[in-house]
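Enquirer: What follows is input-v3.txt, made up of compact mmCIF, C-alpha atoms:
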# COMPACT_ATOMS: atom_id res chain seq x y z
CA MET A 120 -120.83 88.48 14.41
CA ASN A 121 -119.36 88.67 17.87
CA TRP A 122 -115.83 87.32 18.00
CA THR A 123 -114.97 88.16 21.62
CA TRP A 124 -115.37 84.59 22.88
CA PHE A 125 -112.97 83.48 20.19
CA HIS A 126 -110.33 86.05 21.11
CA LYS A 127 -110.75 85.23 24.75
CA LEU A 128 -109.81 81.65 23.89
CA GLY A 129 -106.42 82.95 22.80
CA SER A 130 -105.56 84.26 26.24
CA PRO A 131 -103.20 81.80 27.95
CA LYS A 132 -104.34 82.85 31.42
CA TRP A 133 -107.99 82.21 30.65
CA PHE A 134 -107.12 78.87 29.07
CA TYR A 135 -105.10 77.85 32.11
CA GLU A 136 -108.01 78.57 34.42
CA ILE A 137 -110.71 76.88 32.37
CA SER A 138 -108.63 73.81 31.45
CA GLY A 139 -107.84 73.25 35.13
CA ARG A 140 -111.56 72.87 35.73
CA TRP A 141 -112.14 70.48 32.79
CA LEU A 142 -109.09 68.27 33.24
CA PRO A 143 -110.31 66.09 36.15
CA TRP A 144 -113.57 65.33 34.33
CA PHE A 145 -111.83 64.16 31.19
CA ALA A 146 -109.32 62.12 33.19
CA VAL A 147 -112.03 60.34 35.21
CA ALA A 148 -114.20 59.75 32.13
CA ALA A 149 -111.21 58.36 30.19
CA ALA A 150 -110.24 55.97 32.98
CA LEU A 151 -113.81 54.74 33.41
CA LEU A 152 -114.66 54.36 29.72
CA LEU A 153 -111.35 52.76 28.73
CA GLY A 154 -111.50 50.38 31.70
CA VAL A 155 -115.06 49.30 30.97
CA GLY A 156 -114.52 49.16 27.19
CA LEU A 157 -111.34 47.06 27.38
CA VAL A 158 -112.78 44.46 29.75
CA TRP A 159 -116.07 44.34 27.83
CA GLY A 160 -114.48 44.16 24.39
CA LEU A 161 -111.58 41.83 25.19
CA ALA A 162 -113.37 39.45 27.56
CA PHE A 163 -117.15 39.61 27.23
CA ALA A 164 -118.04 40.54 23.65
CA PRO A 165 -118.85 37.47 21.51
CA PRO A 166 -116.11 36.10 19.20
CA ASP A 167 -116.40 36.53 15.46
CA TYR A 168 -117.75 33.63 13.37
CA GLN A 169 -114.74 33.67 11.00
CA GLN A 170 -111.86 35.06 12.99
CA GLY A 171 -112.75 33.81 16.46
CA ASN A 172 -111.04 35.72 19.24
CA SER A 173 -108.35 37.36 17.11
CA PHE A 174 -110.89 39.93 15.92
CA ARG A 175 -110.95 41.44 19.44
CA ILE A 176 -107.92 43.56 18.59
CA ILE A 177 -110.43 45.70 16.69
CA TYR A 178 -111.38 47.22 20.05
CA ILE A 179 -107.93 48.79 20.22
CA HIS A 180 -107.11 49.15 16.54
CA VAL A 181 -110.18 51.09 15.41
CA PRO A 182 -110.45 53.68 18.24
CA VAL A 183 -106.72 54.39 18.00
CA ALA A 184 -106.85 54.77 14.21
CA PHE A 185 -109.86 57.07 14.58
CA LEU A 186 -107.99 59.28 17.00
CA ALA A 187 -104.84 59.30 14.86
CA GLN A 188 -106.83 60.90 12.03
CA SER A 189 -108.95 63.25 14.16
CA CYS A 190 -105.81 64.46 15.90
CA TYR A 191 -104.33 65.42 12.55
CA VAL A 192 -107.47 67.37 11.64
CA LEU A 193 -107.08 69.18 14.97
CA LEU A 194 -103.48 70.04 14.03
CA ALA A 195 -104.66 71.48 10.72
CA VAL A 196 -107.39 73.57 12.39
CA ALA A 197 -104.89 74.80 14.97
CA GLY A 198 -102.50 75.63 12.14
CA LEU A 199 -105.21 77.59 10.33
CA VAL A 200 -106.15 79.54 13.48
CA GLY A 201 -102.47 80.17 14.17
CA LEU A 202 -101.78 81.50 10.69
CA VAL A 203 -104.91 83.61 10.29
CA TRP A 204 -105.53 84.92 13.81
CA ARG A 205 -101.92 84.68 15.08
CA MET A 206 -103.16 83.07 18.28
CA LYS A 207 -100.39 81.84 20.58
CA LEU A 208 -102.52 79.10 22.00
CA ALA A 209 -102.98 77.54 18.54
CA ASP A 210 -99.26 76.88 18.23
CA ILE A 211 -99.19 75.39 21.74
CA ALA A 212 -102.05 73.06 20.83
CA LEU A 213 -100.33 72.06 17.59
CA GLN A 214 -97.00 71.30 19.23
CA CYS A 215 -98.59 69.41 22.13
CA ALA A 216 -100.98 67.31 20.05
CA ALA A 217 -98.47 66.19 17.41
CA PRO A 218 -96.58 63.61 19.55
CA ILE A 219 -99.88 62.14 20.82
CA GLY A 220 -101.08 61.76 17.24
CA ALA A 221 -97.79 60.17 16.21
CA TRP A 222 -98.08 57.59 18.98
CA MET A 223 -101.68 56.81 18.05
CA THR A 224 -100.72 56.31 14.40
CA PHE A 225 -97.86 54.07 15.46
CA ILE A 226 -100.13 51.98 17.70
CA ALA A 227 -102.70 51.71 14.89
CA LEU A 228 -100.01 50.44 12.50
CA VAL A 229 -98.61 47.94 15.02
CA THR A 230 -102.01 46.55 16.08
CA GLY A 231 -102.96 46.36 12.39
CA ALA A 232 -99.83 44.31 11.66
CA ILE A 233 -100.53 41.98 14.60
CA TRP A 234 -104.08 41.54 13.33
CA GLY A 235 -103.00 41.15 9.72
CA LYS A 236 -100.64 38.23 10.27
CA PRO A 237 -103.23 35.66 11.42
CA THR A 238 -106.15 36.88 9.28
CA TRP A 239 -104.67 38.08 5.98
CA GLY A 240 -101.48 36.05 6.20
CA THR A 241 -99.05 38.97 6.16
CA TRP A 242 -97.73 41.60 8.56
CA TRP A 243 -97.51 44.34 5.98
CA ILE A 244 -98.60 44.95 2.42
CA TRP A 245 -98.25 48.10 0.31
CA ASP A 246 -101.98 48.55 0.24
CA ALA A 247 -103.52 52.04 -0.23
CA ARG A 248 -104.90 52.20 3.33
CA LEU A 249 -101.73 50.96 5.00
CA THR A 250 -99.46 53.15 2.92
CA SER A 251 -101.50 56.33 3.48
CA MET A 252 -101.49 55.62 7.21
CA LEU A 253 -97.68 55.29 7.10
CA ILE A 254 -97.55 58.67 5.33
CA LEU A 255 -99.63 60.11 8.19
CA LEU A 256 -96.99 58.85 10.64
CA PHE A 257 -94.26 60.55 8.61
CA LEU A 258 -96.30 63.78 8.50
CA TYR A 259 -96.47 63.73 12.29
CA PHE A 260 -92.70 63.09 12.44
CA GLY A 261 -92.17 66.01 10.07
CA ILE A 262 -94.21 68.41 12.18
CA ILE A 263 -92.47 67.34 15.39
CA ALA A 264 -89.02 67.63 13.79
CA LEU A 265 -89.81 71.01 12.22
CA GLY A 266 -91.05 72.39 15.53
CA GLN A 267 -87.86 71.27 17.26
CA ALA A 268 -85.45 72.29 14.50
CA ILE A 269 -86.33 75.99 14.22
CA ALA A 270 -85.10 78.00 17.21
CA ASN A 271 -87.29 81.05 16.65
CA ARG A 272 -90.71 80.23 18.12
CA ASP A 273 -92.69 82.36 15.64
CA SER A 274 -91.02 80.96 12.52
CA ALA A 275 -91.35 77.41 13.88
CA ALA A 276 -95.05 77.99 14.53
CA LYS A 277 -95.60 79.27 10.98
CA ALA A 278 -93.66 76.43 9.34
CA CYS A 279 -95.48 73.76 11.39
CA ALA A 280 -98.85 75.35 10.68
CA VAL A 281 -98.24 75.30 6.91
CA LEU A 282 -97.10 71.66 7.00
CA ALA A 283 -100.10 70.67 9.13
CA ILE A 284 -102.55 72.37 6.76
CA VAL A 285 -101.00 70.96 3.58
CA GLY A 286 -100.84 67.47 5.08
CA VAL A 287 -104.55 67.41 5.82
CA VAL A 288 -105.05 66.40 2.17
CA ASN A 289 -103.95 62.93 3.30
CA ILE A 290 -106.92 62.50 5.64
CA PRO A 291 -109.65 62.01 2.99
CA ILE A 292 -107.21 59.74 1.14
CA ILE A 293 -106.90 57.51 4.21
CA LYS A 294 -110.64 57.52 4.75
CA TYR A 295 -111.65 56.68 1.19
CA SER A 296 -108.63 54.56 0.23
CA VAL A 297 -110.63 51.37 0.74
CA GLU A 298 -113.42 52.61 -1.52
CA TRP A 299 -111.50 54.29 -4.33
CA TRP A 300 -109.07 51.43 -4.91
CA ASN A 301 -109.00 47.65 -4.64
CA SER A 302 -107.34 46.99 -1.34
CA LEU A 303 -106.78 44.17 1.12
CA HIS A 304 -108.08 46.28 4.00
CA GLN A 305 -111.81 45.95 4.60
CA PRO A 306 -114.09 49.04 4.56
CA ALA A 307 -115.09 50.78 7.79
CA THR A 308 -117.16 48.83 10.31
CA PHE A 309 -117.64 51.63 12.78
CA THR A 310 -119.26 54.69 11.28
CA LEU A 311 -121.41 57.30 12.92
CA THR A 312 -123.61 57.85 9.89
CA GLU A 313 -124.65 54.33 8.91
CA LYS A 314 -126.13 51.29 10.58
CA PRO A 315 -123.17 49.41 12.08
CA ALA A 316 -121.98 46.24 10.33
CA MET A 317 -121.86 44.32 13.60
CA PRO A 318 -124.53 43.39 16.15
CA MET A 319 -125.17 45.58 19.21
CA GLU A 320 -123.28 43.39 21.69
CA MET A 321 -120.13 43.81 19.57
CA TRP A 322 -120.72 47.43 18.66
CA LEU A 323 -121.42 48.90 22.12
CA PRO A 324 -117.99 48.08 23.60
CA MET A 325 -116.49 49.69 20.51
CA LEU A 326 -118.52 52.86 21.09
CA VAL A 327 -117.34 52.94 24.72
CA MET A 328 -113.72 52.53 23.60
CA VAL A 329 -114.01 55.30 20.99
CA LEU A 330 -115.51 57.74 23.52
CA GLY A 331 -112.89 56.68 26.07
CA ILE A 332 -109.96 57.24 23.74
CA TYR A 333 -111.22 60.73 22.88
CA CYS A 334 -111.51 61.60 26.58
CA PHE A 335 -108.01 60.20 27.08
CA PHE A 336 -106.76 62.39 24.27
CA ALA A 337 -108.46 65.49 25.72
CA ALA A 338 -106.99 64.84 29.16
CA VAL A 339 -103.44 64.23 27.91
CA LEU A 340 -103.59 67.19 25.53
CA LEU A 341 -104.82 69.58 28.26
CA LEU A 342 -102.12 68.34 30.63
CA ARG A 343 -99.38 68.90 28.05
CA MET A 344 -100.80 72.28 26.99
CA ARG A 345 -101.05 73.54 30.57
CA LEU A 346 -97.41 72.72 31.14
CA GLU A 347 -96.39 74.38 27.88
CA VAL A 348 -98.46 77.50 28.68
CA LEU A 349 -96.73 77.83 32.04
CA ARG A 350 -93.33 77.34 30.40
CA ARG A 351 -93.94 79.99 27.74
CA GLU A 352 -95.61 82.48 30.10
CA ALA A 353 -93.07 81.92 32.87
CA ARG A 354 -92.21 85.60 33.01
CA SER A 355 -95.77 86.88 33.50
CA SER A 356 -97.01 87.55 37.01
CA TRP A 357 -100.01 85.18 36.91
CA ALA A 358 -97.80 82.28 35.82
CA LYS A 359 -95.27 83.08 38.52
CA SER A 360 -97.89 82.96 41.25
CA GLU A 361 -99.36 79.78 39.70
CA ILE A 362 -95.95 78.06 39.75
CA LYS A 363 -95.33 79.25 43.29
CA ALA A 364 -98.64 77.73 44.38
CA LEU A 365 -97.81 74.44 42.63
CA VAL A 366 -94.29 74.19 44.03
CA GLY A 367 -95.45 75.28 47.47
CA ALA A 368 -98.11 72.58 47.47
CA ALA A 369 -95.64 69.83 46.60
CA MET B 300 -113.46 89.67 10.67
CA ASN B 301 -110.84 92.27 9.88
CA PRO B 302 -109.55 92.51 6.30
CA VAL B 303 -105.97 91.39 7.07
CA ARG B 304 -107.22 88.19 8.63
CA LYS B 305 -109.69 87.66 5.84
CA LYS B 306 -106.87 87.95 3.33
CA ARG B 307 -104.69 85.51 5.26
CA LEU B 308 -107.57 83.07 5.55
CA PHE B 309 -108.11 83.32 1.81
CA ILE B 310 -104.43 82.69 1.06
CA VAL B 311 -104.35 79.62 3.30
CA LEU B 312 -107.52 78.19 1.77
CA ALA B 313 -106.15 78.86 -1.73
CA ILE B 314 -102.94 76.96 -0.89
CA LEU B 315 -104.98 74.07 0.50
CA ALA B 316 -107.19 73.97 -2.61
CA GLY B 317 -104.09 74.03 -4.84
CA VAL B 318 -102.41 71.17 -3.02
CA GLY B 319 -105.67 69.24 -2.97
CA ILE B 320 -106.10 69.55 -6.73
CA ALA B 321 -102.47 68.59 -7.37
CA VAL B 322 -102.77 65.47 -5.21
CA ALA B 323 -106.10 64.53 -6.78
CA LEU B 324 -104.56 64.76 -10.26
CA ALA B 325 -101.53 62.74 -9.22
CA LEU B 326 -103.67 60.04 -7.63
CA SER B 327 -106.00 59.74 -10.58
CA ALA B 328 -102.96 59.41 -12.87
CA LEU B 329 -101.61 56.66 -10.61
CA GLN B 330 -105.01 54.95 -10.31
CA GLN B 331 -103.83 51.68 -11.83
CA ASN B 332 -100.71 51.48 -9.69
CA ILE B 333 -102.53 52.07 -6.42
CA ASN B 334 -105.03 49.27 -6.95
CA LEU B 335 -103.68 46.36 -4.97
CA PHE B 336 -104.95 43.68 -7.34
CA TYR B 337 -106.55 43.01 -10.70
CA THR B 338 -110.01 41.48 -10.83
CA PRO B 339 -110.55 38.40 -13.06
CA SER B 340 -112.50 40.62 -15.48
CA GLN B 341 -109.54 42.99 -15.82
CA ILE B 342 -107.20 40.03 -16.46
CA ALA B 343 -109.59 38.60 -19.05
CA ALA B 344 -109.81 42.02 -20.74
CA GLY B 345 -106.01 42.15 -20.99
CA GLU B 346 -105.62 45.08 -18.59
CA ALA B 347 -103.06 43.24 -16.49
CA PRO B 348 -99.46 43.40 -17.80
CA GLN B 349 -98.24 40.19 -19.44
CA GLY B 350 -95.34 38.18 -18.06
CA MET B 351 -95.03 40.19 -14.88
CA ARG B 352 -95.83 39.34 -11.30
CA ILE B 353 -99.35 40.58 -10.63
CA ARG B 354 -101.90 40.26 -7.88
CA ALA B 355 -105.30 38.81 -8.70
CA GLY B 356 -108.17 39.21 -6.29
CA GLY B 357 -111.69 37.87 -6.03
CA LEU B 358 -113.83 35.26 -4.35
CA VAL B 359 -112.83 31.60 -4.25
CA GLU B 360 -115.44 29.85 -6.39
CA GLN B 361 -117.66 27.32 -4.61
CA GLY B 362 -116.51 23.73 -5.24
CA SER B 363 -113.41 24.73 -7.20
CA VAL B 364 -110.74 23.96 -4.57
CA GLN B 365 -108.69 20.87 -5.46
CA ARG B 366 -106.00 19.76 -3.05
CA ASP B 367 -103.23 17.40 -4.05
CA ALA B 368 -103.35 14.23 -1.93
CA ASP B 369 -99.63 13.99 -1.09
CA SER B 370 -98.31 17.56 -1.28
CA LEU B 371 -99.30 21.10 -0.36
CA ALA B 372 -100.22 21.92 -3.94
CA VAL B 373 -103.70 23.36 -4.34
CA SER B 374 -105.62 24.82 -7.21
CA PHE B 375 -108.82 26.86 -7.18
CA ARG B 376 -110.72 29.34 -9.28
CA VAL B 377 -111.13 32.99 -8.33
CA THR B 378 -114.19 34.81 -9.58
CA ASP B 379 -115.67 38.29 -9.52
CA GLY B 380 -119.04 37.12 -10.77
CA ALA B 381 -118.30 37.70 -14.45
CA GLU B 382 -114.95 36.02 -15.17
CA THR B 383 -112.79 33.44 -13.42
CA VAL B 384 -109.05 32.88 -13.13
CA THR B 385 -107.47 29.58 -12.10
CA VAL B 386 -104.87 29.91 -9.34
CA ARG B 387 -102.25 27.25 -8.56
CA TYR B 388 -100.40 27.50 -5.31
CA GLN B 389 -98.02 25.42 -3.25
CA GLY B 390 -97.78 26.24 0.43
CA ILE B 391 -99.77 26.94 3.55
CA LEU B 392 -102.97 28.90 3.04
CA PRO B 393 -104.10 31.52 5.59
CA ASP B 394 -106.63 30.44 8.23
CA LEU B 395 -109.45 32.40 6.64
CA PHE B 396 -109.07 30.66 3.27
CA ARG B 397 -112.21 28.75 2.31
CA GLU B 398 -114.65 28.59 -0.55
CA GLY B 399 -116.57 31.82 -0.97
CA GLN B 400 -113.85 33.85 0.78
CA GLY B 401 -112.20 36.88 -0.79
CA ILE B 402 -108.50 36.33 -1.47
CA VAL B 403 -105.58 38.10 -3.15
CA ALA B 404 -102.97 35.93 -4.91
CA LEU B 405 -99.57 37.21 -6.04
CA GLY B 406 -97.91 35.44 -8.96
CA ARG B 407 -97.33 35.14 -12.70
CA VAL B 408 -99.84 34.17 -15.36
CA ASP B 409 -98.48 31.11 -17.21
CA GLY B 410 -99.03 29.91 -20.80
CA ASP B 411 -102.46 28.39 -20.27
CA GLY B 412 -103.87 31.45 -18.48
CA ALA B 413 -103.55 30.16 -14.90
CA LEU B 414 -101.96 32.22 -12.17
CA GLN B 415 -98.94 30.49 -10.58
CA ALA B 416 -99.14 32.07 -7.15
CA ASP B 417 -96.33 32.26 -4.64
CA GLU B 418 -98.36 34.13 -2.02
CA VAL B 419 -102.05 33.88 -1.14
CA LEU B 420 -103.59 36.39 1.27
CA ALA B 421 -107.10 36.19 2.67
CA LYS B 422 -109.36 39.21 2.66
CA HIS B 423 -112.23 39.62 5.06
CA ASP B 424 -115.08 42.07 4.95
CA GLU B 425 -116.27 44.64 7.45
CA ASN B 426 -119.10 42.47 8.81
CA TYR B 427 -118.56 40.79 12.13
CA MET B 428 -121.02 38.54 13.93
CA PRO B 429 -121.07 36.00 16.73
CA PRO B 430 -120.90 32.31 15.67
CA GLU B 431 -124.48 31.64 16.87
CA VAL B 432 -125.82 34.35 14.57
CA SER B 433 -123.92 33.03 11.56
CA GLN B 434 -125.10 29.46 12.31
CA ALA B 435 -128.70 30.64 12.53
CA LEU B 436 -128.29 32.51 9.24
CA GLU B 437 -126.73 29.46 7.63
CA LYS B 438 -129.55 27.21 8.81
CA SER B 439 -132.14 29.47 7.26
CA GLY B 440 -130.04 29.83 4.11
CA MET B 441 -129.74 33.56 4.63
CA LEU B 442 -125.96 33.80 5.15
CA LYS B 443 -125.17 33.99 1.46
CA HIS B 444 -127.88 36.54 1.04
CA TYR B 445 -126.50 38.54 3.96
CA GLU B 446 -122.90 38.42 2.73
CA GLY B 447 -123.79 39.01 -0.90
CA GLY B 448 -126.24 41.77 -0.21
CA LYS B 449 -123.80 44.05 1.62
CA PRO B 450 -121.86 46.51 -0.48
CA GLY B 451 -118.21 45.49 -0.25
CA GLY B 452 -119.17 42.05 0.97
CA ALA B 453 -118.40 40.62 -2.43
CA GLN B 454 -114.86 42.01 -2.55
Output the file's structure in the form of structure tokens.
Expert:
Amino acid sequence: MNWTWFHKLGSPKWFYEISGRWLPWFAVAAALLLGVGLVWGLAFAPPDYQQGNSFRIIYIHVPVAFLAQSCYVLLAVAGLVGLVWRMKLADIALQCAAPIGAWMTFIALVTGAIWGKPTWGTWWIWDARLTSMLILLFLYFGIIALGQAIANRDSAAKACAVLAIVGVVNIPIIKYSVEWWNSLHQPATFTLTEKPAMPMEMWLPMLVMVLGIYCFFAAVLLLRMRLEVLRREARSSWAKSEIKALVGAA
Amino acid sequence: MNPVRKKRLFIVLAILAGVGIAVALALSALQQNINLFYTPSQIAAGEAPQGMRIRAGGLVEQGSVQRDADSLAVSFRVTDGAETVTVRYQGILPDLFREGQGIVALGRVDGDGALQADEVLAKHDENYMPPEVSQALEKSGMLKHYEGGKPGGAQ
């Protein structure tokens, strides 16, 4: 098997060049999809027969919760690549994605609470789904704190990678918590594998929002990673000329 | 892949498998404590602890809701299809509460087997539809079929 493409991915200079080309596309796609999805979902999609308009928060809650979990899987993959192949870029990706994931988890928990009060009758309950999501938030906090606490970059990278990989056990627990145990939280509405449990005119805005939030994530992650690459490679000649061009342009 | 990397990959995967097995064992041991509520069948079978505050969950039985005329007291039966539990509650019910709806009630089972609830939460399923669709389904008598036929719809 030819691994050169994979090793090339580890070169910060190559990443900086290629990500600069992708970034505008992701940013434009995110702005368009999120704009369309929000207006469509919050204003034009039909209300639910039981919950009326309060169900519309699903258009924020579900995409954000999706991303919160996918982002953690990305951290674990980055951790694995960092540990096995010792790729510098993997640690950069891990450190840059963790705060985004933490925010997404936080937003998912808050929107869930706002939704829970009028429909279930409570802000919070120690239900399997809610509790495992809270653990995900603490895992993100742990990774961020660990990355900041250890001064040596290599040891910090290793410690964060191990925590990210071990924590990935929580992801299937979150996903299946509503099926394995009796819980107040309803099972998934939006799945890619099954026929959706809502009609097309409700489901399409959701699809747009999910795609939009992933593009948003890609754009923000690339932005953060590019900055971090420049910061870490500040002594190399290509980074110096890159920074000079940026500062000169401003 | 060179042998050093292969070895590292193997170590990482072994750690992950170990942690996964440990968590799976812990969760299966805690199975009963993670379930949010007991079903009426479990309560009837004596699986729920006696004299403690427990949560009971199920569907509100059709035609079982009795409201007191001059107070907020209400009583209804919760069923899972096989067994039923009577729930007595005093207070404001959530908006989604109605007959046929899934609910979770927190309280103590009293002497005559009824649950004296001090909190009633409504559960809703993963199916959403516009009001026109649900009215059309109701008219043709298919709504019950639709709700009952979905896995998880009866929870």
Enquirer: Enclose the full set of atoms of region 303-307 of chain A listed in the file within a box whose edges lie along x, y and z, apply 8 Å of padding to each of the six sides, and report centre and edge lengths in Å to one decimal as AutoDock Vina command-line options.
Expert:
--center_x -110.9 --center_y 47.5 --center_z 4.5 --size_x 24.3 --size_y 22.6 --size_z 22.7
Enquirer: List the spatial neighbours of Val287 (chain A) as an NGL selection string - criterion: any atom at most 12 Å away, only C-alpha atoms, same-chain residues fewer than 6 positions off excluded.
Expert: (:A and (188-199 or 251 or 254-255 or 258-259 or 280-281 or 293-294)) or (:B and (312 or 314-316 or 318-319 or 322))
Enquirer: Within 7 Å of chain A, which residues of chain B show up when using only C-alpha atoms, listed as a ChimeraX atom specification?
Expert: /B:304,307-308,315,318-319,333-336,393-395,420-430,433
Enquirer: Mind checking which residues fall within 8 Å of Val364 (chain B), counting all atoms listed in the file, ignoring those fewer than 3 positions away in the same chain, and posting them as a list in words?
Expert: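 Listed by chain and then number, they are Val359, Glu360, Gln361, Val373, Ser374, Phe375, Arg376 and Glu398 of chain B.
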Enquirer: Report the distance between CA of Ala368 (chain B) and CA of Glu382 (chain B) in Å, rounded to one decimal place.
Expert: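 These atoms are spaced 28.0 Å apart.
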Enquirer: For Leu405 (chain B), which residue out of B:Ala313, B:Val386, B:Ala343, B:Ala325 is the nearest one, using only C-alpha atoms?
Expert: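 Once distances to Leu405 (chain B) are computed over only C-alpha atoms, the minimum belongs to B:Val386.
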Enquirer: How far is it from CA of Ala187 (chain A) to CA of Met223 (chain A), in Å with one decimal?
Expert: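 Separating CA of Ala187 (chain A) from CA of Met223 (chain A) is a distance of 5.1 Å.
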Enquirer: Please, what distance in Å, to one decimal, runs between CA of Trp141 (chain A) and CA of Ala338 (chain A)?
Expert: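 One can read the CA of Trp141 (chain A) to CA of Ala338 (chain A) distance as 8.5 Å.
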Enquirer: Of the residues B:Gly406, B:Val303, B:Ala413, B:Lys438, which is the one nearest to Met351 (chain B), using all atoms listed in the file?
Expert: B:Gly406
Enquirer: Please return as a PyMOL selection string every residue within 12 Å of (-103.0, 41.2, -10.3), taking into account only C-alpha atoms and the file's own coordinates.
Expert: (chain A and resi 301-302) or (chain B and resi 331-343+345-357+377+384+386+402-408+413-416+418-419)
Enquirer: With all atoms listed in the file as the basis for distance, which of B:Ile320, B:Ala435, B:Leu326, B:Leu358 is at the shortest distance from Thr385 (chain B)?
Expert: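 Of all the options, B:Leu358 lies closest to Thr385 (chain B).
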Enquirer: With 10 Å as the threshold, what does the neighbourhood of (-105.1, 81.5, 30.9) contain in terms of residues, counting all atoms listed in the file? Coordinates are those of the file; answer as a list of chain:residue names.
Expert: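 So the residues meeting the distance criterion are A:Lys127, A:Leu128, A:Gly129, A:Ser130, A:Pro131, A:Lys132, A:Trp133, A:Phe134, A:Tyr135, A:Glu136, A:Ile137, A:Ser138, A:Gly139, A:Leu208, A:Arg345, A:Val348, A:Leu349, A:Glu352, A:Trp357, A:Ala358.
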Enquirer: Go through B:Gly399, B:Gly317, B:Pro302, B:Gly410 and flag the residue nearest Ser363 (chain B), using all atoms listed in the file for the distances.
Expert: B:Gly399
Enquirer: Within 7 Å of His180 (chain A), counting all atoms listed in the file, which residues qualify if same-chain residues fewer than 3 places away don't, as a PyMOL selection string?
Expert: chain A and resi 176-177+183-184+227+230-231
Enquirer: Compare A:Leu340, A:Leu265, A:Leu365, A:Val327 by their minimum atom-to-atom distance to Ala150 (chain A), counting all atoms listed in the file, and give me the closest one.
Expert: A:Val327
